[in-house]
Each structure stands twice: as structure tokens, then as C-alpha cells.
Amino acid sequence: QVQLVESGGGLVQPGGSLRLSCAASGSISSIKTMGWYRQAPGKERELVAGITGGGRTNYLDSVKGRFTISRDNTRTTLYLQMNSLKPEDTAVYYCNVRTYTNYLYWGQGTQVTVSS
């Protein structure tokens, strides 16, 4: 099993920045890909950014150039640097991993609110 704990959410003004962190523990060697999803009220959960074992990244079109996904060398901590935040980025952000056996694990979520 893999346990995920997110941190770093909060309230920020439009144009501001936040960095989310996700600490992974447990069966780290089983992790194939890692990513960040978000879910706004009344909307479906969507993939914001993902990173493969080889370090290839992909982003939701609306966050390209503003958000950056990264991880530490031990692959136990995942980050999402969010710059130039907009009110439409307001959502609960979830850390996610997919294992080599195609199992999904989720963190508990962290609220990001962009408002003046």
C-alpha cells in the first residue's frame, strides 16, 4: 500500500503563488506514475499535472506555463508549484499515484482558494 499526505494549500490572492507537497510512504517501489488532480464544487475531478517514472510531465492546458510538477530524488515527495493563480484554480487538490499493478491511491486533499 501507499499512503499520501498533502500539504501547502490555503487562501491566496489572484496572481499569487502556492506550492503543494505530497509525502508518499509505504510501498514506494510500486509507484509507476504520480500526479495532481483537482475538483472544484459541482465539477468532475480533473488531472492537473502528472509525472512518469522517467520524469516525463504532462499538464492540463489551462495550467501550462503557470504550474510545475516535480518530485525529490527519492521519489517520496511530490510537488506542485502554482504561479499566477486565478480564481478558476480554486479547488480541492489531490495527490495521486498509480502503481505498476494499475492500482490508484489518493491523498486526503488540500483546499486551494484564489480570491481577493
# chains A, B, ... in the order shown; residues from 1 in each chain; ligands from 1

$ residues_around --residues "segment 59-64 of chain A" --least-positions-apart "3" --cutoff "6 Å" --atoms "only C-alpha atoms" --output "list in words"
Val48, Ala49 and Phe67 of chain A

$ write_last_selection --atoms "N, CA, C and O atoms" --output "PDB file, in the first residue's frame"
ATOM      1  N   VAL A  48      -4.488  17.652 -13.258  1.00  0.00           N
ATOM      2  CA  VAL A  48      -3.812  18.942 -13.399  1.00  0.00           C
ATOM      3  C   VAL A  48      -2.415  18.748 -13.976  1.00  0.00           C
ATOM      4  O   VAL A  48      -1.993  19.440 -14.902  1.00  0.00           O
ATOM      5  N   ALA A  49      -1.678  17.797 -13.419  1.00  0.00           N
ATOM      6  CA  ALA A  49      -0.310  17.546 -13.867  1.00  0.00           C
ATOM      7  C   ALA A  49       0.100  16.145 -13.457  1.00  0.00           C
ATOM      8  O   ALA A  49      -0.317  15.667 -12.407  1.00  0.00           O
ATOM      9  N   PHE A  67       1.936  26.261 -13.795  1.00  0.00           N
ATOM     10  CA  PHE A  67       2.162  25.221 -12.789  1.00  0.00           C
ATOM     11  C   PHE A  67       3.352  24.353 -13.202  1.00  0.00           C
ATOM     12  O   PHE A  67       3.567  24.106 -14.390  1.00  0.00           O
TER      13      PHE A  67
END

$ select_by_dssp --residues "chain A" --states "helix (DSSP H, G or I)" --output "list of chain:residue names"
A:Ile28, A:Ser29, A:Ser30, A:Asp61, A:Ser62, A:Val63, A:Pro87, A:Glu88, A:Asp89

$ residues_around --residues "Arg71 of chain A" --least-positions-apart "6" --cutoff "10 Å" --atoms "only C-alpha atoms" --output "MDAnalysis selection string"
chainID A and resid 21:23 34 51 55 77:80

$ residues_around --residues "Ser25 of chain A" --least-positions-apart "2" --cutoff "7 Å" --atoms "only C-alpha atoms" --output "NGL selection string"
:A and (2-4 or 23 or 27-28 or 76)
